[in-house]
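Structure file data-v4.cif (mmCIF, C-alpha atoms) is printed below.
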data_upload
#
loop_
_atom_site.label_atom_id
_atom_site.label_comp_id
_atom_site.auth_asym_id
_atom_site.auth_seq_id
_atom_site.Cartn_x
_atom_site.Cartn_y
_atom_site.Cartn_z
CA MET A 1 0.00 0.00 0.00
CA ALA A 2 2.72 2.36 1.07
CA SER A 3 4.81 1.55 -1.97
CA LYS A 4 1.80 2.17 -4.20
CA ILE A 5 1.30 5.62 -2.70
CA LYS A 6 5.01 6.32 -3.10
CA SER A 7 4.99 5.37 -6.77
CA LEU A 8 1.87 7.43 -7.31
CA LEU A 9 3.51 10.43 -5.64
CA ALA A 10 6.65 9.97 -7.70
CA ARG A 11 4.61 9.76 -10.88
CA GLY A 12 2.63 12.84 -9.83
CA SER A 13 5.76 14.89 -9.15
CA ALA A 14 7.18 13.84 -12.48
CA VAL A 15 4.00 15.00 -14.21
CA LEU A 16 4.08 18.28 -12.27
CA THR A 17 7.72 18.90 -13.11
CA ALA A 18 7.07 18.24 -16.77
CA ALA A 19 4.09 20.57 -16.69
CA VAL A 20 6.15 23.33 -15.04
CA LEU A 21 9.00 22.85 -17.51
CA GLY A 22 6.59 22.88 -20.41
CA LEU A 23 4.91 26.03 -19.15
CA GLY A 24 8.28 27.57 -18.52
CA LEU A 25 9.35 26.85 -22.08
CA ALA A 26 6.11 28.24 -23.42
CA VAL A 27 6.21 31.45 -21.30
CA GLY A 28 9.98 32.06 -21.35
CA PRO A 29 10.44 33.67 -24.76
CA ALA A 30 7.27 35.77 -24.41
CA GLN A 31 8.59 37.34 -21.16
CA ALA A 32 11.93 38.22 -22.73
CA GLY A 33 10.08 40.01 -25.52
CA ASP A 34 8.16 42.23 -23.08
CA ALA A 35 11.02 44.48 -22.04
CA PRO A 36 12.65 46.03 -25.08
CA LYS A 37 16.32 46.81 -24.64
CA PRO A 38 17.10 50.54 -24.45
CA VAL A 39 18.03 52.24 -27.69
CA ILE A 40 21.44 53.81 -27.25
CA THR A 41 22.10 56.19 -30.11
CA LYS A 42 25.64 57.31 -30.74
CA ALA A 43 26.28 60.93 -29.79
CA VAL A 44 25.75 63.34 -32.64
CA LYS A 45 28.92 65.26 -31.88
CA GLY A 46 32.29 63.76 -30.95
CA GLU A 47 33.80 60.29 -30.99
CA GLN A 48 34.54 59.60 -27.34
CA CYS A 49 32.74 60.62 -24.16
CA VAL A 50 34.62 62.58 -21.47
CA GLU A 51 35.17 59.26 -19.63
CA ASP A 52 35.10 55.61 -20.75
CA THR A 53 31.69 54.48 -21.92
CA GLU A 54 31.55 51.65 -19.35
CA TYR A 55 32.48 54.04 -16.55
CA MET A 56 29.90 56.58 -17.67
CA ARG A 57 27.14 53.96 -17.77
CA LYS A 58 27.71 53.13 -14.12
CA ASN A 59 28.84 56.45 -12.70
CA HIS A 60 27.47 59.36 -14.73
CA MET A 61 25.14 60.33 -11.90
CA LYS A 62 28.02 60.67 -9.46
CA LEU A 63 29.96 62.93 -11.83
CA LEU A 64 26.85 65.01 -12.48
CA ASN A 65 26.14 65.44 -8.77
CA VAL A 66 29.66 66.63 -7.99
CA HIS A 67 29.72 69.02 -10.92
CA ARG A 68 26.24 70.28 -10.06
CA ASP A 69 27.33 71.46 -6.62
CA LYS A 70 30.51 73.02 -7.98
CA THR A 71 28.51 74.94 -10.57
CA VAL A 72 25.63 76.12 -8.41
CA ILE A 73 27.54 76.93 -5.25
CA GLU A 74 30.98 77.94 -6.52
CA GLY A 75 30.17 79.09 -10.03
CA VAL A 76 32.60 76.69 -11.74
CA ARG A 77 31.18 76.09 -15.21
CA THR A 78 33.73 73.84 -16.89
CA PRO A 79 32.11 71.92 -19.76
CA LYS A 80 33.56 68.53 -18.73
CA HIS A 81 31.03 66.59 -16.59
CA SER A 82 28.38 69.29 -17.03
CA LEU A 83 24.82 68.27 -17.84
CA LYS A 84 24.73 70.97 -20.50
CA GLU A 85 27.56 69.31 -22.41
CA CYS A 86 25.89 65.88 -22.07
CA ILE A 87 22.85 67.38 -23.74
CA ASN A 88 24.90 69.19 -26.38
CA CYS A 89 26.37 65.88 -27.55
CA HIS A 90 23.58 63.41 -26.92
CA ALA A 91 20.45 65.27 -28.08
CA SER A 92 18.72 63.17 -30.68
CA GLU A 93 18.75 64.32 -34.26
CA GLN A 94 15.05 63.58 -34.63
CA THR A 95 13.68 65.44 -31.60
CA GLY A 96 16.63 67.71 -30.82
CA SER A 97 16.33 66.62 -27.21
CA VAL A 98 17.65 64.04 -24.75
CA ALA A 99 14.26 63.42 -23.15
CA ALA A 100 11.40 64.38 -25.47
CA ALA A 101 10.69 61.00 -27.08
CA LYS A 102 10.81 57.42 -25.73
CA GLU A 103 13.98 56.60 -27.60
CA ASP A 104 15.92 59.74 -26.69
CA PHE A 105 19.24 59.17 -24.97
CA CYS A 106 18.41 59.74 -21.29
CA VAL A 107 14.83 58.50 -21.29
CA SER A 108 15.54 55.30 -23.19
CA CYS A 109 17.82 53.79 -20.53
CA HIS A 110 16.05 55.30 -17.58
CA SER A 111 12.69 53.88 -18.50
CA TYR A 112 14.32 50.45 -19.05
CA ALA A 113 15.95 50.65 -15.61
CA ALA A 114 12.79 52.17 -14.11
CA VAL A 115 14.76 55.03 -12.57
CA LYS A 116 12.86 58.30 -12.58
CA ILE A 117 14.96 61.37 -13.26
CA ASP A 118 13.80 64.87 -12.40
CA CYS A 119 16.71 66.71 -14.06
CA PHE A 120 14.40 67.90 -16.81
CA ASP A 121 11.77 69.40 -14.52
CA CYS A 122 14.18 72.32 -14.39
CA HIS A 123 16.88 71.76 -17.02
CA SER A 124 16.27 72.23 -20.70
CA THR A 125 16.47 68.95 -22.60
CA LYS A 126 17.77 70.71 -25.69
CA PRO A 127 21.19 72.03 -26.58
CA GLN A 128 22.01 75.70 -26.72
CA GLY A 129 21.24 77.35 -30.02
CA SER A 130 19.09 74.34 -30.73
CA ALA A 131 16.59 76.25 -32.84
CA ALA A 132 19.24 76.51 -35.54
CA MET A 133 20.67 73.00 -35.07
CA HIS A 134 17.49 71.00 -34.91
CA SER A 135 14.58 71.63 -37.22
CA LEU A 136 12.06 70.03 -34.87
CA ASN A 137 12.90 72.23 -31.95
CA ALA A 138 9.96 74.48 -32.71
CA GLU A 139 8.77 74.90 -29.14
CA THR A 140 11.64 77.05 -27.98
CA ALA A 141 11.73 78.97 -31.23
CA HIS A 142 8.07 79.84 -30.80
CA TYR A 143 8.73 81.00 -27.27
CA LYS A 144 11.55 83.27 -28.41
CA HIS A 145 9.29 84.75 -31.03
CA LYS A 146 6.65 85.39 -28.39
CA LEU A 147 9.15 87.15 -26.19
CA ALA A 148 10.41 89.28 -29.04
CA SER A 149 6.88 90.32 -29.99
CA GLN A 150 6.36 91.31 -26.38
CA ALA A 151 9.36 93.60 -26.42
CA ASN A 152 7.35 96.78 -26.94
CA ALA A 153 4.15 95.80 -25.15
CA LYS A 154 3.49 97.69 -21.96
CA VAL A 155 1.98 96.42 -18.74
CA SER A 156 -1.29 98.23 -18.06
CA ALA A 157 -1.50 100.79 -15.27
CA GLU A 158 -3.87 98.60 -13.25
CA GLU A 159 -1.49 95.67 -13.42
CA MET A 160 1.41 97.86 -12.45
CA ALA A 161 -0.57 99.14 -9.46
CA GLY A 162 -1.35 95.55 -8.49
CA ILE A 163 2.29 94.61 -8.72
CA ALA A 164 3.38 97.63 -6.73
CA LYS A 165 1.03 96.64 -3.94
CA MET B 1 14.04 117.20 -8.78
CA SER B 2 13.87 119.22 -12.00
CA ASP B 3 15.83 121.95 -10.20
CA MET B 4 18.60 119.50 -9.50
CA LYS B 5 18.95 118.27 -13.03
CA PRO B 6 20.97 121.10 -14.64
CA MET B 7 23.23 121.13 -11.62
CA SER B 8 23.95 117.44 -11.83
CA ASP B 9 24.79 117.82 -15.53
CA ASN B 10 27.62 120.14 -14.60
CA THR B 11 29.05 117.82 -12.00
CA PRO B 12 31.65 115.20 -12.95
CA SER B 13 28.81 112.68 -13.22
CA SER B 14 27.46 114.19 -16.47
CA PRO B 15 27.00 111.66 -19.27
CA GLU B 16 29.75 113.21 -21.43
CA ARG B 17 32.22 113.06 -18.61
CA ARG B 18 31.21 109.52 -17.78
CA ARG B 19 31.54 108.39 -21.35
CA PHE B 20 35.02 109.88 -21.42
CA VAL B 21 35.96 108.21 -18.15
CA GLY B 22 34.51 104.93 -19.42
CA ALA B 23 36.57 105.12 -22.61
CA ALA B 24 39.68 106.03 -20.62
CA THR B 25 39.30 103.06 -18.29
CA ALA B 26 38.60 100.76 -21.21
CA THR B 27 41.91 101.79 -22.72
CA ALA B 28 43.72 101.49 -19.41
CA ALA B 29 42.13 98.12 -18.70
CA GLY B 30 43.62 96.69 -21.87
CA LEU B 31 47.16 97.58 -20.81
CA ALA B 32 49.46 94.85 -19.63
CA ILE B 33 50.64 95.39 -16.04
CA ALA B 34 53.17 92.57 -16.39
CA PRO B 35 54.00 90.21 -19.24
CA GLY B 36 50.95 88.02 -19.72
CA VAL B 37 48.96 89.71 -16.97
CA MET B 38 46.27 92.09 -18.15
CA LEU B 39 44.40 94.53 -15.97
CA ILE B 40 41.20 93.43 -17.65
CA GLU B 41 41.48 90.08 -15.88
CA VAL B 42 41.19 91.88 -12.58
CA ALA B 43 38.10 93.67 -13.83
CA HIS B 44 35.93 90.70 -14.68
CA GLY B 45 36.74 87.42 -16.40
CA ARG B 46 38.05 84.77 -14.03
CA PRO B 47 39.36 81.44 -15.31
CA GLU B 48 36.57 78.98 -16.01
CA ASP B 49 37.79 76.43 -13.46
CA GLN B 50 38.16 78.97 -10.65
CA PRO B 51 35.32 79.37 -8.14
CA ALA B 52 33.67 82.76 -7.58
CA SER B 53 35.84 84.82 -5.28
CA SER B 54 34.92 86.91 -2.26
CA ALA B 55 37.40 89.53 -3.48
CA VAL B 56 34.58 90.59 -5.79
CA ARG B 57 31.19 91.87 -4.70
CA TRP B 58 28.79 92.34 -7.54
CA GLY B 59 26.41 95.22 -7.16
CA MET B 60 24.14 97.55 -9.04
CA LEU B 61 23.54 101.27 -8.97
CA VAL B 62 20.07 102.38 -10.00
CA ASP B 63 19.79 106.03 -10.96
CA ALA B 64 16.07 106.65 -10.47
CA THR B 65 16.41 110.17 -11.94
CA LYS B 66 17.22 108.57 -15.30
CA CYS B 67 14.73 105.68 -15.14
CA ALA B 68 12.09 106.55 -17.76
CA THR B 69 8.33 106.49 -17.20
CA GLY B 70 6.64 103.70 -19.14
CA CYS B 71 9.94 102.10 -20.16
CA ASN B 72 10.00 98.39 -19.45
CA ASP B 73 13.19 97.44 -21.30
CA CYS B 74 15.00 96.05 -18.26
CA VAL B 75 12.09 93.73 -17.46
CA THR B 76 11.79 92.49 -21.04
CA ALA B 77 15.53 91.95 -21.31
CA CYS B 78 15.51 89.96 -18.07
CA SER B 79 12.65 87.72 -19.19
CA THR B 80 14.31 87.13 -22.56
CA GLU B 81 17.70 86.34 -21.03
CA ASN B 82 16.35 84.13 -18.26
CA GLY B 83 13.33 82.64 -20.00
CA TRP B 84 10.52 83.60 -17.63
CA THR B 85 7.10 84.58 -18.94
CA PRO B 86 6.32 88.29 -18.48
CA VAL B 87 3.31 89.20 -16.33
CA ALA B 88 1.34 90.52 -19.31
CA GLU B 89 1.67 87.19 -21.08
CA SER B 90 1.05 84.96 -18.10
CA LYS B 91 -2.13 82.94 -17.74
CA HIS B 92 -1.95 83.60 -14.00
CA PRO B 93 -0.61 87.16 -13.56
CA LYS B 94 -0.76 86.95 -9.77
CA GLN B 95 1.54 83.94 -9.81
CA ALA B 96 3.80 85.24 -12.57
CA PRO B 97 7.50 85.38 -11.82
CA GLN B 98 9.03 88.82 -11.45
CA TRP B 99 12.76 88.70 -11.25
CA ILE B 100 12.67 92.43 -11.88
CA ARG B 101 9.66 94.76 -11.92
CA LYS B 102 9.10 98.42 -12.61
CA LEU B 103 7.59 100.53 -9.85
CA GLU B 104 6.02 103.94 -10.29
CA LEU B 105 5.85 105.80 -7.01
CA GLN B 106 4.19 109.10 -6.26
CA ASP B 107 4.73 111.33 -3.29
CA PRO B 108 1.15 112.00 -2.02
CA LEU B 109 2.09 115.50 -0.83
CA THR B 110 4.13 116.86 -3.73
CA GLN B 111 2.83 114.57 -6.52
CA MET B 112 6.45 113.93 -7.48
CA GLU B 113 6.74 110.70 -9.47
CA THR B 114 9.64 108.33 -9.18
CA ASN B 115 10.35 105.36 -11.45
CA LEU B 116 12.55 102.52 -10.40
CA PRO B 117 13.12 98.85 -11.03
CA MET B 118 12.83 96.58 -8.01
CA LEU B 119 14.77 93.36 -7.95
CA CYS B 120 16.61 91.08 -5.53
CA GLN B 121 18.84 93.44 -3.56
CA HIS B 122 21.55 90.80 -3.08
CA CYS B 123 21.94 91.63 0.60
CA ALA B 124 25.21 90.95 2.38
CA GLU B 125 23.05 89.67 5.26
CA PRO B 126 20.15 88.09 3.38
CA PRO B 127 17.04 87.27 5.45
CA CYS B 128 16.06 84.63 2.86
CA VAL B 129 19.25 82.74 3.65
CA ASP B 130 18.66 83.05 7.39
CA VAL B 131 15.23 81.44 7.24
CA CYS B 132 15.78 78.72 4.63
CA PRO B 133 15.20 75.35 6.34
CA THR B 134 17.23 73.34 3.82
CA GLY B 135 20.13 75.65 3.00
CA ALA B 136 18.89 76.01 -0.56
CA SER B 137 18.89 79.79 -0.30
CA PHE B 138 22.50 80.87 -0.20
CA LYS B 139 24.91 83.70 -0.88
CA ARG B 140 27.71 82.99 -3.28
CA ALA B 141 31.26 84.12 -2.47
CA ASP B 142 30.93 87.08 -4.84
CA GLY B 143 27.80 88.35 -3.09
CA ILE B 144 25.15 86.98 -5.47
CA VAL B 145 22.17 85.55 -3.57
CA LEU B 146 20.83 82.43 -5.25
CA VAL B 147 18.48 79.49 -4.77
CA ASN B 148 19.92 76.00 -5.12
CA ARG B 149 16.99 74.34 -6.80
CA HIS B 150 18.39 70.91 -6.02
CA THR B 151 17.68 71.47 -2.33
CA CYS B 152 14.75 73.91 -2.49
CA ILE B 153 11.56 72.28 -1.22
CA GLY B 154 9.30 75.16 -2.25
CA CYS B 155 8.21 76.09 1.28
CA ARG B 156 8.29 79.80 0.39
CA TYR B 157 9.58 80.86 3.80
CA CYS B 158 12.19 83.00 1.99
CA MET B 159 9.45 84.76 0.04
CA MET B 160 7.89 85.82 3.33
CA ALA B 161 11.23 86.85 4.81
CA CYS B 162 12.30 89.01 1.86
CA PRO B 163 11.54 92.68 2.59
CA TYR B 164 11.58 93.48 -1.14
CA LYS B 165 9.10 90.87 -2.44
CA ALA B 166 11.83 89.89 -4.83
CA ARG B 167 11.16 86.17 -4.93
CA SER B 168 8.50 84.09 -6.59
CA LEU B 169 7.56 80.43 -6.82
CA VAL B 170 7.20 78.46 -10.03
CA HIS B 171 3.69 77.05 -9.67
CA GLU B 172 3.34 75.06 -12.85
CA SER B 173 5.43 72.83 -15.04
CA LEU B 174 7.41 74.83 -17.58
CA ASN B 175 7.31 72.09 -20.24
CA ASP B 176 10.88 72.40 -21.40
CA THR B 177 10.74 76.11 -22.21
CA GLN B 178 13.77 76.84 -20.01
CA LYS B 179 16.99 78.27 -21.34
CA PRO B 180 19.92 75.81 -21.29
CA ASP B 181 21.90 78.27 -19.14
CA VAL B 182 19.06 79.08 -16.77
CA PRO B 183 17.49 75.99 -15.23
CA ARG B 184 14.27 76.79 -13.38
CA GLY B 185 11.28 74.67 -12.55
CA ILE B 186 8.10 73.77 -10.78
CA GLY B 187 8.06 73.84 -7.00
CA CYS B 188 11.15 76.00 -6.60
CA VAL B 189 11.54 79.59 -5.49
CA GLU B 190 13.49 81.89 -7.78
CA ALA B 191 14.63 85.49 -8.07
CA CYS B 192 17.06 87.76 -9.87
CA THR B 193 20.46 86.06 -10.13
CA PHE B 194 22.39 89.14 -11.33
CA CYS B 195 22.55 87.10 -14.58
CA VAL B 196 24.96 84.71 -12.90
CA GLN B 197 25.41 82.77 -16.16
CA LYS B 198 26.63 85.96 -17.85
CA VAL B 199 28.83 86.91 -14.89
CA ASP B 200 30.49 83.48 -14.93
CA ARG B 201 30.98 83.78 -18.67
CA GLY B 202 32.93 87.00 -18.01
CA ASP B 203 30.42 89.43 -19.53
CA GLY B 204 30.64 91.59 -16.41
CA ASN B 205 27.16 92.96 -17.01
CA THR B 206 23.52 91.97 -16.59
CA ALA B 207 20.83 91.80 -19.28
CA CYS B 208 18.80 94.60 -17.64
CA ALA B 209 21.76 96.99 -17.44
CA GLU B 210 22.70 96.22 -21.04
CA ALA B 211 19.15 96.93 -22.18
CA CYS B 212 18.98 100.16 -20.20
CA THR B 213 22.24 101.37 -21.75
CA ALA B 214 21.06 100.29 -25.22
CA ALA B 215 17.88 102.32 -24.73
CA GLY B 216 20.05 105.33 -23.88
CA HIS B 217 18.78 105.79 -20.33
CA ASN B 218 21.91 104.63 -18.51
CA ALA B 219 19.92 104.25 -15.30
CA LEU B 220 21.44 100.87 -14.39
CA LEU B 221 25.10 100.29 -13.71
CA PHE B 222 26.43 96.86 -12.78
CA GLY B 223 29.89 96.17 -11.45
CA ASP B 224 32.27 95.12 -8.72
CA MET B 225 31.67 97.21 -5.61
CA ASN B 226 34.86 95.87 -4.00
CA ASP B 227 37.08 97.26 -6.75
CA PRO B 228 37.70 100.94 -5.98
CA GLU B 229 38.61 101.54 -9.62
CA SER B 230 35.37 100.16 -11.06
CA GLU B 231 32.83 102.52 -12.63
CA ILE B 232 30.21 101.58 -10.04
CA SER B 233 32.53 102.31 -7.09
CA ARG B 234 33.43 105.67 -8.61
CA ARG B 235 29.77 106.59 -9.11
CA LEU B 236 28.89 105.43 -5.61
CA ARG B 237 31.59 107.73 -4.25
CA GLU B 238 30.24 110.69 -6.24
CA LEU B 239 26.47 110.28 -5.93
CA PRO B 240 24.28 110.30 -2.85
CA THR B 241 22.66 106.87 -2.80
CA LYS B 242 20.18 105.09 -0.60
CA GLN B 243 19.46 101.52 0.33
CA VAL B 244 15.79 100.58 0.39
CA ARG B 245 14.80 99.81 3.98
CA ALA B 246 18.24 100.83 5.16
CA ASP B 247 16.87 100.46 8.71
CA LEU B 248 17.14 96.69 8.34
CA ASN B 249 20.95 96.91 8.11
CA LEU B 250 21.17 94.31 5.36
CA ASN B 251 24.02 95.99 3.42
CA LEU B 252 22.42 95.80 0.00
CA GLY B 253 24.07 95.04 -3.30
CA VAL B 254 21.62 97.35 -5.10
CA ARG B 255 21.87 101.05 -4.34
CA TYR B 256 19.43 103.73 -5.51
CA HIS B 257 20.15 107.34 -6.43
CA GLY B 258 17.30 109.84 -6.56
CA ILE B 259 14.76 108.18 -4.29
#
Here is a file; write its structure as structure tokens.
Amino acid sequence: MASKIKSLLARGSAVLTAAVLGLGLAVGPAQAGDAPKPVITKAVKGEQCVEDTEYMRKNHMKLLNVHRDKTVIEGVRTPKHSLKECINCHASEQTGSVAAAKEDFCVSCHSYAAVKIDCFDCHSTKPQGSAAMHSLNAETAHYKHKLASQANAKVSAEEMAGIAK
Amino acid sequence: MSDMKPMSDNTPSSPERRRFVGAATATAAGLAIAPGVMLIEVAHGRPEDQPASSAVRWGMLVDATKCATGCNDCVTACSTENGWTPVAESKHPKQAPQWIRKLELQDPLTQMETNLPMLCQHCAEPPCVDVCPTGASFKRADGIVLVNRHTCIGCRYCMMACPYKARSLVHESLNDTQKPDVPRGIGCVEACTFCVQKVDRGDGNTACAEACTAAGHNALLFGDMNDPESEISRRLRELPTKQVRADLNLNLGVRYHGI
């Protein structure tokens, strides 16, 4: 009796294992297809980054943090390790930005790694003089135009009084 | 005030005289004081990798007697340089940033009108820095009072502490309309930076002062108040100037003449 139960159990576990393996084989490839690898486009300008590519992949945030404090607090604005230079080189040719579209340089990796960055709440995602460099950078160009058209407009007396108060 | 005008034109501070002095210093500044060492380096540009130095104190002289009624050029220049939306264009004028604003004041007894721009006074003893709970509000070595947006939590305590209402909060997302040189964003307090990006570049002038000079008013003069040879120090020696709310003893970086 006992041996019968044992053999039954053994057969059952074998069936279960096979089922799990089979399922695993069936599901495996589908899961791998769910998370697309980040698109890493080569920088538009330049051949080599300011540090080795491998080093930058792991440590760019450390370099940026150190340089950030030096710039804001001390006023040191060397281009090496500055976010502005990252953007100048890595802005995509299509969007003119490092974070406007899904496949842009910063966003592509960060969404793959599920690391939220808030750099671009404050920092521009586009290089300087981008209106001329990138045809699709219409947003900033429009803004400039708006500002220029405002150059001779005057604030009304009521508004001025409100401000003065 | 109109009585004073002809008199002041005869004093050494007349525009002709100043232009001459300016040209003379420009020539002198280009002279080499030693091989490879130019006087102009003392005046503004510091090497890119050198931090801002406390040997310099940036300041501004506002000549309210020259500030024109209805002229808004300094405000427009500031918004263009720094990328903030002017009040007139803002969807929410009461929340609109005002790094610099024009004030028109009238003496109720004499009806005398005074025009002046009001901006961050870049105090030597800034109350905004005293009250900041995170240390985000700080004074740079060269006297420029700034907000470190990386540590600002948007509590707006500094806005309440500032006697000049010079600061404002960014209420809404700016949707990538910022200038690459001037990061600013939602949830952070901001104010006039004395065009710190231009100062660090070595321009030695602010957008508002440049615009005022370009418009021919010459009411704004920016420079190093620690350098006795600078134009601003010379003018401060010659002209009677006032600090707004001098009673607070904050030692302001912006001085007014004619108020």
Result set of the PyMOL selection byres ((chain B and resi 214-227) around 6) on the coordinates above, as a PDB file with C-alpha atoms, in the frame of the given file:
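As a result, selection_13.pdb now contains:
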ATOM      1  CA  VAL B  56      34.580  90.590  -5.790  1.00  0.00           C
ATOM      2  CA  ARG B  57      31.190  91.870  -4.700  1.00  0.00           C
ATOM      3  CA  TRP B  58      28.790  92.340  -7.540  1.00  0.00           C
ATOM      4  CA  GLY B  59      26.410  95.220  -7.160  1.00  0.00           C
ATOM      5  CA  MET B  60      24.140  97.550  -9.040  1.00  0.00           C
ATOM      6  CA  LEU B  61      23.540 101.270  -8.970  1.00  0.00           C
ATOM      7  CA  VAL B  62      20.070 102.380 -10.000  1.00  0.00           C
ATOM      8  CA  ASP B  63      19.790 106.030 -10.960  1.00  0.00           C
ATOM      9  CA  LYS B  66      17.220 108.570 -15.300  1.00  0.00           C
ATOM     10  CA  CYS B  67      14.730 105.680 -15.140  1.00  0.00           C
ATOM     11  CA  ASN B 205      27.160  92.960 -17.010  1.00  0.00           C
ATOM     12  CA  ALA B 209      21.760  96.990 -17.440  1.00  0.00           C
ATOM     13  CA  ALA B 211      19.150  96.930 -22.180  1.00  0.00           C
ATOM     14  CA  CYS B 212      18.980 100.160 -20.200  1.00  0.00           C
ATOM     15  CA  THR B 213      22.240 101.370 -21.750  1.00  0.00           C
ATOM     16  CA  PRO B 228      37.700 100.940  -5.980  1.00  0.00           C
ATOM     17  CA  GLU B 229      38.610 101.540  -9.620  1.00  0.00           C
ATOM     18  CA  SER B 230      35.370 100.160 -11.060  1.00  0.00           C
ATOM     19  CA  ILE B 232      30.210 101.580 -10.040  1.00  0.00           C
ATOM     20  CA  SER B 233      32.530 102.310  -7.090  1.00  0.00           C
TER      21      SER B 233
END
Result set, the PyMOL selection byres ((chain B and resi 191-197) around 10) on current file, as an MDAnalysis selection string: (chainID A and resid 72 75 77) or (chainID B and resid 58:60 78 81:82 97:100 118:122 143:147 159 165:169 181:182 189:190 198:209 222)
Closest of B:Gly45, B:Pro163, B:Ala77, B:Cys188 to B:Arg245 - atom-to-atom distances counting only C-alpha atoms: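 Smallest separation from B:Arg245 among the options: B:Pro163.
Taking atom CA of A:Pro79 and atom CA of A:Glu47 as the two end points, the separation is 16.3 Å.
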Residue members of the PyMOL selection byres ((chain A and resi 80) around 12) in the file shown, as an MDAnalysis selection string: (chainID A and resid 49:51 60 63:64 66:68 71 76:79 81:89) or (chainID B and resid 48:49)
Atom pair atom CA of B:Arg255 / atom CA of B:Trp84: separation (Å): 24.7 Å
Å distance separating atom CA of B:Cys123 from atom CA of B:Asn249, one decimal place: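 Pair atom CA of B:Cys123 / atom CA of B:Asn249 returns 9.2 Å.
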Which residues are close to B:Gln243, i.e. within 10 Å by all atoms listed in the file, leaving aside same-chain residues fewer than 6 positions away? Reply as a PDB file with C-alpha atoms, keeping the file's coordinate frame.
ATOM      1  CA  GLN B 121      18.840  93.440  -3.560  1.00  0.00           C
ATOM      2  CA  ASN B 249      20.950  96.910   8.110  1.00  0.00           C
ATOM      3  CA  LEU B 250      21.170  94.310   5.360  1.00  0.00           C
ATOM      4  CA  ASN B 251      24.020  95.990   3.420  1.00  0.00           C
ATOM      5  CA  LEU B 252      22.420  95.800   0.000  1.00  0.00           C
ATOM      6  CA  GLY B 253      24.070  95.040  -3.300  1.00  0.00           C
ATOM      7  CA  VAL B 254      21.620  97.350  -5.100  1.00  0.00           C
ATOM      8  CA  ARG B 255      21.870 101.050  -4.340  1.00  0.00           C
ATOM      9  CA  TYR B 256      19.430 103.730  -5.510  1.00  0.00           C
ATOM     10  CA  HIS B 257      20.150 107.340  -6.430  1.00  0.00           C
ATOM     11  CA  ILE B 259      14.760 108.180  -4.290  1.00  0.00           C
TER      12      ILE B 259
END
Top pick for closest residue to chain B, considering A:Ser108, A:Asn65, A:Thr41, A:Asn59 and counting all atoms listed in the file: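 For chain B, the nearest of the given residues is A:Asn65.
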Counting only C-alpha atoms, the residue of A:Ile73, A:Cys119, A:Ala35, A:Ala43 that sits nearest A:Ser92: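 Using only C-alpha atoms, A:Ser92 sits closest to A:Ala43.
Among the candidates B:Pro183, B:Gly258, B:Pro133, B:Pro240, the one nearest to chain A when counting all atoms listed in the file is B:Pro183.
The smallest atom-to-atom distance between chain B and any of A:Val44, A:Val107, A:Val39, A:Val98, using all atoms listed in the file, is found for A:Val98.
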